[in-house]
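To be precise, the following lines are protein.txt, and they hold compact mmCIF, C-alpha atoms.
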```
# COMPACT_ATOMS: atom_id res chain seq x y z
CA MET A 128 -10.37 2.74 -9.94
CA LYS A 129 -11.78 5.74 -11.77
CA ILE A 130 -9.33 7.83 -13.77
CA SER A 131 -10.07 11.15 -15.42
CA PHE A 132 -7.67 13.33 -17.33
CA GLU A 133 -7.27 17.04 -17.67
CA ILE A 134 -4.90 18.77 -20.05
CA THR A 135 -3.55 22.29 -19.72
CA ARG A 136 -0.96 23.18 -22.33
CA GLU A 137 1.98 20.83 -21.66
CA THR A 138 0.55 19.35 -18.45
CA LEU A 139 -1.46 16.15 -18.18
CA THR A 140 -3.24 15.76 -14.86
CA ALA A 141 -4.57 12.30 -13.98
CA HIS A 142 -7.23 12.41 -11.24
CA LEU A 143 -7.25 9.00 -9.55
CA ASN A 144 -10.30 7.90 -7.62
CA GLY A 145 -10.40 4.64 -5.66
CA GLU A 146 -7.97 2.20 -4.07
CA LEU A 147 -4.50 1.91 -5.53
CA ASP A 148 -3.10 -1.60 -5.14
CA GLN A 149 -1.51 -4.21 -7.38
CA HIS A 150 -4.90 -4.99 -8.92
CA SER A 151 -5.64 -1.41 -9.96
CA ALA A 152 -2.06 -0.21 -10.61
CA GLY A 153 -1.98 -2.03 -13.96
CA GLU A 154 -5.09 -0.29 -15.26
CA VAL A 155 -3.83 3.13 -14.12
CA ARG A 156 -0.51 2.51 -15.90
CA LYS A 157 -2.27 1.48 -19.13
CA ALA A 158 -4.63 4.47 -19.06
CA VAL A 159 -1.85 6.99 -18.38
CA GLU A 160 0.42 5.48 -21.02
CA ALA A 161 -2.36 5.56 -23.62
CA GLU A 162 -3.07 9.21 -22.83
CA LEU A 163 0.62 10.17 -23.03
CA LYS A 164 0.95 8.35 -26.35
CA LYS A 165 -1.89 10.42 -27.79
CA ARG A 166 -0.26 13.69 -26.69
CA ARG A 167 3.45 13.71 -27.26
CA THR A 168 3.79 17.38 -26.29
CA ILE A 169 3.14 16.67 -22.59
CA LYS A 170 6.10 17.69 -20.45
CA LEU A 171 4.58 17.35 -16.98
CA LEU A 172 2.47 14.48 -15.67
CA VAL A 173 0.56 15.23 -12.47
CA LEU A 174 -0.94 12.39 -10.44
CA GLU A 175 -3.73 13.99 -8.42
CA LEU A 176 -4.41 11.69 -5.46
CA SER A 177 -7.18 13.41 -3.46
CA GLY A 178 -9.58 10.57 -4.37
CA VAL A 179 -7.18 7.78 -3.38
CA GLY A 180 -8.36 6.51 0.00
CA PHE A 181 -5.98 3.57 0.05
CA MET A 182 -2.58 2.86 -1.44
CA ASP A 183 0.01 0.16 -0.83
CA SER A 184 3.53 -0.29 -2.18
CA SER A 185 2.18 -1.26 -5.60
CA GLY A 186 1.23 2.42 -5.86
CA ILE A 187 4.86 3.34 -5.14
CA GLY A 188 5.89 1.01 -7.98
CA LEU A 189 3.40 2.74 -10.27
CA ILE A 190 4.68 6.21 -9.33
CA LEU A 191 8.33 5.15 -9.76
CA GLY A 192 7.47 3.68 -13.16
CA ARG A 193 5.80 6.92 -14.33
CA TYR A 194 8.69 8.94 -12.91
CA ARG A 195 11.16 6.93 -15.04
CA GLN A 196 8.90 7.15 -18.06
CA MET A 197 8.61 10.94 -17.86
CA ARG A 198 12.30 11.41 -17.07
CA ASP A 199 13.34 9.24 -20.03
CA ALA A 200 11.11 11.33 -22.30
CA GLY A 201 12.66 14.56 -21.00
CA GLY A 202 9.62 15.40 -18.87
CA ARG A 203 8.69 15.55 -15.20
CA LEU A 204 6.31 13.92 -12.77
CA SER A 205 4.49 15.53 -9.89
CA ILE A 206 2.13 14.14 -7.26
CA THR A 207 -0.43 16.23 -5.49
CA ASN A 208 -3.18 16.14 -2.84
CA ALA A 209 -2.23 12.86 -1.16
CA GLN A 210 -4.39 11.96 1.86
CA PRO A 211 -2.49 11.58 5.20
CA GLN A 212 -2.18 7.78 5.08
CA VAL A 213 -1.01 7.83 1.47
CA GLU A 214 1.42 10.58 2.38
CA LYS A 215 2.76 8.41 5.22
CA LEU A 216 3.56 5.64 2.74
CA LEU A 217 5.07 8.07 0.24
CA LYS A 218 7.32 9.45 2.97
CA LEU A 219 8.42 5.96 4.02
CA SER A 220 9.38 5.16 0.43
CA GLY A 221 11.63 8.21 0.16
CA ILE A 222 10.03 9.02 -3.18
CA PHE A 223 9.67 12.71 -2.34
CA ALA A 224 13.40 13.13 -2.95
CA LEU A 225 12.73 12.40 -6.63
CA LEU A 226 9.46 14.16 -7.17
CA GLU A 227 7.83 17.50 -7.18
CA THR A 228 4.92 17.62 -4.80
CA GLN A 229 2.16 20.04 -4.24
CA ARG A 230 -0.15 19.45 -1.38
CA ARG A 231 -2.94 21.73 -2.43
CA GLY A 232 -4.28 23.06 -5.65
CA ARG A 233 -3.32 22.13 -9.12
CA ALA A 234 0.24 21.56 -10.16
CA ASN A 235 0.92 23.50 -13.31
CA GLY A 236 4.62 23.12 -13.76
CA MET B 200 -11.97 -9.50 23.88
CA ASP B 201 -10.49 -12.54 22.16
CA ASN B 202 -11.46 -13.66 18.68
CA ARG B 203 -10.09 -15.60 15.73
CA ILE B 204 -10.98 -16.09 12.07
CA LYS B 205 -9.35 -18.00 9.27
CA LEU B 206 -10.02 -17.43 5.59
CA GLU B 207 -8.88 -19.14 2.43
CA PHE B 208 -9.11 -17.53 -0.96
CA LEU B 209 -7.73 -17.91 -4.47
CA SER B 210 -4.51 -16.09 -5.31
CA LEU B 211 -6.26 -13.45 -7.41
CA SER B 212 -5.27 -9.81 -7.24
CA GLN B 213 -8.88 -8.74 -6.62
CA ASN B 214 -8.70 -10.68 -3.34
CA GLU B 215 -6.15 -8.18 -2.00
CA ALA B 216 -9.03 -5.73 -1.48
CA PHE B 217 -11.18 -8.51 -0.01
CA ALA B 218 -8.49 -9.52 2.50
CA ARG B 219 -7.88 -5.98 3.76
CA ALA B 220 -11.63 -5.32 4.02
CA CYS B 221 -11.97 -8.48 6.15
CA ALA B 222 -9.10 -7.38 8.38
CA ALA B 223 -10.68 -3.92 8.77
CA ALA B 224 -14.04 -5.48 9.73
CA PHE B 225 -12.35 -7.86 12.17
CA ILE B 226 -10.64 -5.08 14.13
CA ALA B 227 -13.60 -2.66 14.00
CA PRO B 228 -14.79 -3.63 17.54
CA LEU B 229 -11.46 -2.29 18.89
CA ASP B 230 -12.46 1.16 17.65
CA PRO B 231 -9.02 1.71 16.09
CA THR B 232 -7.76 5.14 15.10
CA ILE B 233 -7.91 6.01 11.40
CA GLU B 234 -4.15 5.57 11.25
CA GLU B 235 -4.16 2.15 12.96
CA LEU B 236 -6.90 0.95 10.63
CA ALA B 237 -5.00 2.12 7.56
CA ASP B 238 -1.75 0.58 8.86
CA VAL B 239 -3.38 -2.85 9.18
CA ARG B 240 -5.12 -2.61 5.81
CA THR B 241 -1.84 -1.65 4.13
CA ALA B 242 0.20 -4.39 5.83
CA VAL B 243 -2.42 -7.04 4.96
CA SER B 244 -2.49 -5.82 1.38
CA GLU B 245 1.31 -6.13 1.15
CA ALA B 246 1.36 -9.66 2.56
CA VAL B 247 -1.44 -10.89 0.29
CA THR B 248 0.07 -9.15 -2.76
CA ASN B 249 3.38 -10.94 -2.06
CA ALA B 250 1.59 -14.29 -1.94
CA VAL B 251 -0.21 -13.59 -5.24
CA ILE B 252 2.68 -12.21 -7.27
CA HIS B 253 5.77 -13.75 -5.68
CA GLY B 254 4.49 -16.93 -3.99
CA TYR B 255 2.30 -18.08 -6.85
CA LYS B 256 3.67 -15.80 -9.59
CA HIS B 257 0.11 -14.98 -10.72
CA LYS B 258 -0.71 -18.72 -11.09
CA PRO B 259 -3.71 -20.23 -9.31
CA GLY B 260 -3.16 -21.16 -5.69
CA THR B 261 -4.70 -20.77 -2.26
CA VAL B 262 -3.81 -18.03 0.19
CA SER B 263 -4.86 -18.33 3.82
CA MET B 264 -5.18 -15.52 6.29
CA GLU B 265 -5.65 -16.04 10.00
CA LEU B 266 -6.53 -13.11 12.25
CA THR B 267 -6.25 -13.54 16.01
CA LEU B 268 -7.22 -11.00 18.60
CA THR B 269 -5.96 -11.35 22.17
CA GLY B 270 -7.16 -8.35 24.11
CA ARG B 271 -5.95 -5.45 22.00
CA LEU B 272 -3.18 -7.43 20.31
CA LEU B 273 -3.84 -8.38 16.69
CA ARG B 274 -1.91 -11.16 15.00
CA VAL B 275 -2.14 -11.56 11.23
CA LYS B 276 -0.79 -14.68 9.56
CA VAL B 277 -0.78 -14.88 5.77
CA GLU B 278 0.33 -18.17 4.24
CA ASP B 279 0.82 -19.51 0.75
CA SER B 280 1.97 -22.85 -0.66
CA GLY B 281 3.87 -21.21 -3.47
CA CYS B 282 7.49 -21.21 -4.57
CA GLY B 283 8.99 -20.02 -1.27
CA ILE B 284 11.79 -17.50 -0.72
CA GLU B 285 15.39 -18.58 -1.27
CA ASP B 286 17.04 -15.76 0.67
CA ILE B 287 14.68 -14.19 3.22
CA GLU B 288 17.21 -11.62 4.37
CA LEU B 289 17.72 -10.37 0.81
CA ALA B 290 13.98 -10.37 0.10
CA MET B 291 13.38 -8.20 3.16
CA GLN B 292 15.85 -5.51 2.13
CA PRO B 293 14.07 -2.28 1.15
CA PHE B 294 13.88 -1.76 -2.61
CA TYR B 295 14.97 -5.32 -3.39
CA THR B 296 12.55 -7.09 -5.73
CA SER B 297 12.69 -10.42 -7.49
CA GLY B 298 9.81 -9.34 -9.72
CA THR B 299 11.19 -9.05 -13.23
CA ASN B 300 7.95 -8.18 -14.95
CA GLY B 301 5.70 -5.38 -13.80
CA GLU B 302 6.61 -2.38 -11.70
CA ARG B 303 7.53 -3.47 -8.20
CA SER B 304 8.85 -1.05 -5.63
CA GLY B 305 10.51 -3.67 -3.41
CA MET B 306 8.87 -1.97 -0.43
CA GLY B 307 6.43 -4.70 0.68
CA PHE B 308 8.30 -6.05 3.71
CA ALA B 309 9.56 -2.57 4.66
CA VAL B 310 5.94 -1.35 4.77
CA MET B 311 4.80 -4.35 6.85
CA ARG B 312 7.66 -3.74 9.29
CA ALA B 313 6.99 0.01 9.54
CA PHE B 314 3.20 -0.22 9.88
CA MET B 315 3.01 -3.17 12.28
CA ASP B 316 4.82 -3.77 15.61
CA SER B 317 6.46 -7.02 14.59
CA LEU B 318 7.07 -9.07 11.47
CA LYS B 319 8.21 -12.66 11.08
CA VAL B 320 8.81 -14.40 7.75
CA GLU B 321 9.16 -18.16 7.47
CA SER B 322 9.72 -19.75 4.10
CA GLU B 323 10.90 -22.91 2.45
CA VAL B 324 11.67 -23.20 -1.25
CA GLY B 325 9.05 -25.32 -2.99
CA ILE B 326 6.85 -25.46 0.14
CA GLY B 327 5.62 -21.92 0.71
CA THR B 328 5.81 -18.82 2.85
CA ALA B 329 4.18 -17.68 6.09
CA VAL B 330 4.21 -14.05 7.17
CA THR B 331 3.18 -13.26 10.76
CA MET B 332 2.66 -9.70 11.94
CA GLU B 333 1.45 -8.26 15.23
CA LYS B 334 0.07 -4.93 16.25
CA LEU B 335 -1.03 -3.68 19.64
CA PHE B 336 -3.91 -1.21 19.46
CA SER B 337 -3.99 1.89 21.56
CA ASP B 338 -6.74 2.34 24.07
CA LYS B 339 -8.54 5.45 22.84
CA LEU B 340 -10.57 5.90 25.99
CA ARG B 341 -7.46 5.73 28.16
CA LEU B 342 -5.64 8.12 25.81
CA GLU B 343 -8.47 10.63 26.04
CA GLU B 344 -8.60 10.30 29.83
CA SER B 345 -4.87 10.91 30.21
CA LYS B 346 -5.06 13.88 27.82
CA LYS B 347 -7.91 15.30 29.86
CA ARG B 348 -5.96 14.78 33.09
CA VAL B 349 -2.93 16.59 31.67
CA LYS B 350 -5.22 19.44 30.58
CA ASP B 351 -6.96 19.63 33.97
CA GLU B 352 -3.66 19.66 35.81
CA SER B 353 -2.18 22.47 33.74
```

Encoded form (structure tokens):
Amino acid sequence: MKISFEITRETLTAHLNGELDQHSAGEVRKAVEAELKKRRTIKLLVLELSGVGFMDSSGIGLILGRYRQMRDAGGRLSITNAQPQVEKLLKLSGIFALLETQRRGRANG
Amino acid sequence: MDNRIKLEFLSLSQNEAFARACAAAFIAPLDPTIEELADVRTAVSEAVTNAVIHGYKHKPGTVSMELTLTGRLLRVKVEDSGCGIEDIELAMQPFYTSGTNGERSGMGFAVMRAFMDSLKVESEVGIGTAVTMEKLFSDKLRLEESKKRVKDES
């Protein structure tokens, strides 16, 4: 899993590239947490999923975990650019009811 | 076309990717749709992940996966000799998770059920768990022919 970050004012965008399963979810969580710790002014975390060709329910666990983390810190979480199969899983999980989603372009809060 | 393979691998999380890649390669001759292929990969990943983190609780063990193809019907059986499930009905409820450490969504069985045609879970405490799933693949050629016929007729 390749992860790159982009910061615009109070928004941290994490571009994920690879397959998101139980094996890779841990490293994504660690990387995102480390980045958030460095920048305490971040109010919106965006998970940009255009490069995620595979995701299973461990990815849902990761997203739920980041949602709680941002919410508890008074911030928000958004997911964007999910591929159709990833979107299918996200829909099944009902997670969209909690999150902001943007299908195209960059989420900027 | 009938076929069968059986694999055994260590209960390591990196083998989740290996197992779903094997399943994808096994069904490739059926020329599945992108969605069917992703459904099988996801369901296999869920079953193997369960064996690794719930069956063996990240401790070393052996997971076996048997793939059987009868015509266009795929059967996937994932087995572990781990701790077993005390209450299968409870474990299969969406959002229920016994995982106390780590971030689990509790969606594993719900995903297997939604993405495959059938799901059967057999388990005995202290003995292990077997998950059997089936999926019937669409016949692309026939689908295209019937689409064409509908188009021609209209």

Report task. Would you work out the distance separating CA of Val324 in chain B from CA of Tyr255 in chain B, expressed in Å to one decimal? Result -> 12.1 Å

Query raised in the report: Is there a way to get, as a list in words, all residues within 10 Å of the point (-4.2, 2.8, -1.9) in file coordinates, counting all atoms listed in the file?
Result: Asn144, Gly145, Glu146, Leu147, Asp148, Gln149, Ser151, Ala152, Leu176, Gly178, Val179, Gly180, Phe181, Met182, Asp183, Ser184, Ser185, Gly186, Ile187, Gln210, Gln212, Val213 and Leu216 of chain A; Ala216, Ala237, Arg240, Thr241 and Ser244 of chain B

Could you save those same residues with C-alpha atoms as an mmCIF file, in the frame of the given file?
```
data_model
loop_
_atom_site.group_PDB
_atom_site.id
_atom_site.type_symbol
_atom_site.label_atom_id
_atom_site.label_comp_id
_atom_site.auth_asym_id
_atom_site.auth_seq_id
_atom_site.Cartn_x
_atom_site.Cartn_y
_atom_site.Cartn_z
ATOM 1 C CA ASN A 144 -10.300 7.900 -7.620
ATOM 2 C CA GLY A 145 -10.400 4.640 -5.660
ATOM 3 C CA GLU A 146 -7.970 2.200 -4.070
ATOM 4 C CA LEU A 147 -4.500 1.910 -5.530
ATOM 5 C CA ASP A 148 -3.100 -1.600 -5.140
ATOM 6 C CA GLN A 149 -1.510 -4.210 -7.380
ATOM 7 C CA SER A 151 -5.640 -1.410 -9.960
ATOM 8 C CA ALA A 152 -2.060 -0.210 -10.610
ATOM 9 C CA LEU A 176 -4.410 11.690 -5.460
ATOM 10 C CA GLY A 178 -9.580 10.570 -4.370
ATOM 11 C CA VAL A 179 -7.180 7.780 -3.380
ATOM 12 C CA GLY A 180 -8.360 6.510 0.000
ATOM 13 C CA PHE A 181 -5.980 3.570 0.050
ATOM 14 C CA MET A 182 -2.580 2.860 -1.440
ATOM 15 C CA ASP A 183 0.010 0.160 -0.830
ATOM 16 C CA SER A 184 3.530 -0.290 -2.180
ATOM 17 C CA SER A 185 2.180 -1.260 -5.600
ATOM 18 C CA GLY A 186 1.230 2.420 -5.860
ATOM 19 C CA ILE A 187 4.860 3.340 -5.140
ATOM 20 C CA GLN A 210 -4.390 11.960 1.860
ATOM 21 C CA GLN A 212 -2.180 7.780 5.080
ATOM 22 C CA VAL A 213 -1.010 7.830 1.470
ATOM 23 C CA LEU A 216 3.560 5.640 2.740
ATOM 24 C CA ALA B 216 -9.030 -5.730 -1.480
ATOM 25 C CA ALA B 237 -5.000 2.120 7.560
ATOM 26 C CA ARG B 240 -5.120 -2.610 5.810
ATOM 27 C CA THR B 241 -1.840 -1.650 4.130
ATOM 28 C CA SER B 244 -2.490 -5.820 1.380
#
```

Query - Selection near Leu189 in chain A, 8 Å with all atoms listed in the file, sequence-local residues under 6 positions removed, as a ChimeraX atom specification - result: /A:152,156 /B:302-303

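Here CA of Ala200 in chain A stands at a distance of 9.6 Å from CA of Ile169 in chain A.
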
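CA of Glu245 in chain B is found 16.0 Å from CA of Gly281 in chain B.
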
Query raised in the report: Can you tell me, as a VMD selection string, what residues are no more than 12 Å from Asp338 in chain B when counting all atoms listed in the file, ignoring any on the same chain fewer than 6 positions away?
Result: chain B and resid 228 to 232 235 270 to 272 344 to 345

Requested in this report: Return the neighbours of chain A among the residues of chain B, cut-off 9 Å, counting only C-alpha atoms, as a PyMOL selection string.
Outcome: chain B and resi 211-216+233-234+237-238+240-242+244-245+248+293-294+301-307+309-310+313

Report summary line: Counting all atoms listed in the file, closest pick from B:Met291, B:Gly254, B:Val277, B:Leu340 relative to Gly327 in chain B is B:Gly254

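Every protein or nucleic acid residue with an atom no more than 10 Å from Glu207 in chain B, counting all atoms listed in the file and leaving out same-chain residues fewer than 2 positions away, appears here: Lys205, Leu209, Ser210, Ala218, Thr261, Val262, Ser263, Met264, Glu265, Val277, Glu278 and Asp279 of chain B.
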
Keeping only C-alpha atoms, take the residues you just selected and write them out as a short mmCIF file (atom, residue, chain, number, x, y, z; two decimals), keeping the file's coordinate frame.
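part00.cif, written as the output of this step:
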```
data_model
loop_
_atom_site.label_atom_id
_atom_site.label_comp_id
_atom_site.auth_asym_id
_atom_site.auth_seq_id
_atom_site.Cartn_x
_atom_site.Cartn_y
_atom_site.Cartn_z
CA LYS B 205 -9.35 -18.00 9.27
CA LEU B 209 -7.73 -17.91 -4.47
CA SER B 210 -4.51 -16.09 -5.31
CA ALA B 218 -8.49 -9.52 2.50
CA THR B 261 -4.70 -20.77 -2.26
CA VAL B 262 -3.81 -18.03 0.19
CA SER B 263 -4.86 -18.33 3.82
CA MET B 264 -5.18 -15.52 6.29
CA GLU B 265 -5.65 -16.04 10.00
CA VAL B 277 -0.78 -14.88 5.77
CA GLU B 278 0.33 -18.17 4.24
CA ASP B 279 0.82 -19.51 0.75
#
```

Query raised in the report: Between B:Cys282, B:Val275, B:Ala246, B:Leu342, which has the minimum distance to Asp316 in chain B (counting all atoms listed in the file)?
Result: B:Val275

Query raised in the report: Within 10 Å of Ile226 in chain B, counting all atoms listed in the file, which residues qualify if same-chain residues fewer than 6 places away don't, as a list in words?
Result: Asn202, Glu235, Leu236, Val239, Leu266, Thr267, Leu268, Arg271, Leu272, Leu273 and Phe336 of chain B

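Comparing the minimum interatomic distances between Glu175 in chain A and each of A:Thr207, A:Thr135, A:Leu226, A:Glu154, counting all atoms listed in the file, we find that A:Thr207 sits nearest.
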
Export range 162-175 of chain A from the structure block above, keeping N, CA and C atoms, as a PDB file, in the first residue's frame.
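Output contents, as saved in decode-v4.pdb:
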```pdb
ATOM      1  N   GLU A 162       0.549  11.388  10.786  1.00  0.00           N
ATOM      2  CA  GLU A 162       0.416  12.651  10.064  1.00  0.00           C
ATOM      3  C   GLU A 162      -0.506  13.623  10.820  1.00  0.00           C
ATOM      4  N   LEU A 163      -1.584  13.083  11.376  1.00  0.00           N
ATOM      5  CA  LEU A 163      -2.528  13.916  12.143  1.00  0.00           C
ATOM      6  C   LEU A 163      -1.880  14.450  13.423  1.00  0.00           C
ATOM      7  N   LYS A 164      -1.010  13.643  13.996  1.00  0.00           N
ATOM      8  CA  LYS A 164      -0.332  14.023  15.243  1.00  0.00           C
ATOM      9  C   LYS A 164       0.605  15.203  14.992  1.00  0.00           C
ATOM     10  N   LYS A 165       1.202  15.194  13.797  1.00  0.00           N
ATOM     11  CA  LYS A 165       2.141  16.271  13.437  1.00  0.00           C
ATOM     12  C   LYS A 165       1.416  17.589  13.208  1.00  0.00           C
ATOM     13  N   ARG A 166       0.151  17.489  12.761  1.00  0.00           N
ATOM     14  CA  ARG A 166      -0.599  18.692  12.377  1.00  0.00           C
ATOM     15  C   ARG A 166      -1.926  18.721  13.108  1.00  0.00           C
ATOM     16  N   ARG A 167      -1.912  19.333  14.233  1.00  0.00           N
ATOM     17  CA  ARG A 167      -3.096  19.333  15.106  1.00  0.00           C
ATOM     18  C   ARG A 167      -4.186  20.287  14.628  1.00  0.00           C
ATOM     19  N   THR A 168      -3.885  21.088  13.612  1.00  0.00           N
ATOM     20  CA  THR A 168      -4.891  22.053  13.127  1.00  0.00           C
ATOM     21  C   THR A 168      -5.834  21.427  12.088  1.00  0.00           C
ATOM     22  N   ILE A 169      -5.570  20.186  11.708  1.00  0.00           N
ATOM     23  CA  ILE A 169      -6.402  19.540  10.677  1.00  0.00           C
ATOM     24  C   ILE A 169      -7.824  19.313  11.188  1.00  0.00           C
ATOM     25  N   LYS A 170      -8.779  19.782  10.383  1.00  0.00           N
ATOM     26  CA  LYS A 170     -10.192  19.635  10.773  1.00  0.00           C
ATOM     27  C   LYS A 170     -10.913  18.625   9.877  1.00  0.00           C
ATOM     28  N   LEU A 171     -10.357  18.410   8.684  1.00  0.00           N
ATOM     29  CA  LEU A 171     -11.008  17.476   7.752  1.00  0.00           C
ATOM     30  C   LEU A 171      -9.969  16.491   7.220  1.00  0.00           C
ATOM     31  N   LEU A 172     -10.285  15.208   7.381  1.00  0.00           N
ATOM     32  CA  LEU A 172      -9.434  14.160   6.807  1.00  0.00           C
ATOM     33  C   LEU A 172     -10.160  13.604   5.595  1.00  0.00           C
ATOM     34  N   VAL A 173      -9.483  13.596   4.450  1.00  0.00           N
ATOM     35  CA  VAL A 173     -10.074  13.042   3.230  1.00  0.00           C
ATOM     36  C   VAL A 173      -9.309  11.778   2.847  1.00  0.00           C
ATOM     37  N   LEU A 174     -10.020  10.670   2.723  1.00  0.00           N
ATOM     38  CA  LEU A 174      -9.398   9.446   2.210  1.00  0.00           C
ATOM     39  C   LEU A 174      -9.733   9.379   0.721  1.00  0.00           C
ATOM     40  N   GLU A 175      -8.699   9.531  -0.094  1.00  0.00           N
ATOM     41  CA  GLU A 175      -8.889   9.566  -1.555  1.00  0.00           C
ATOM     42  C   GLU A 175      -8.581   8.165  -2.088  1.00  0.00           C
TER      43      GLU A 175
END
```
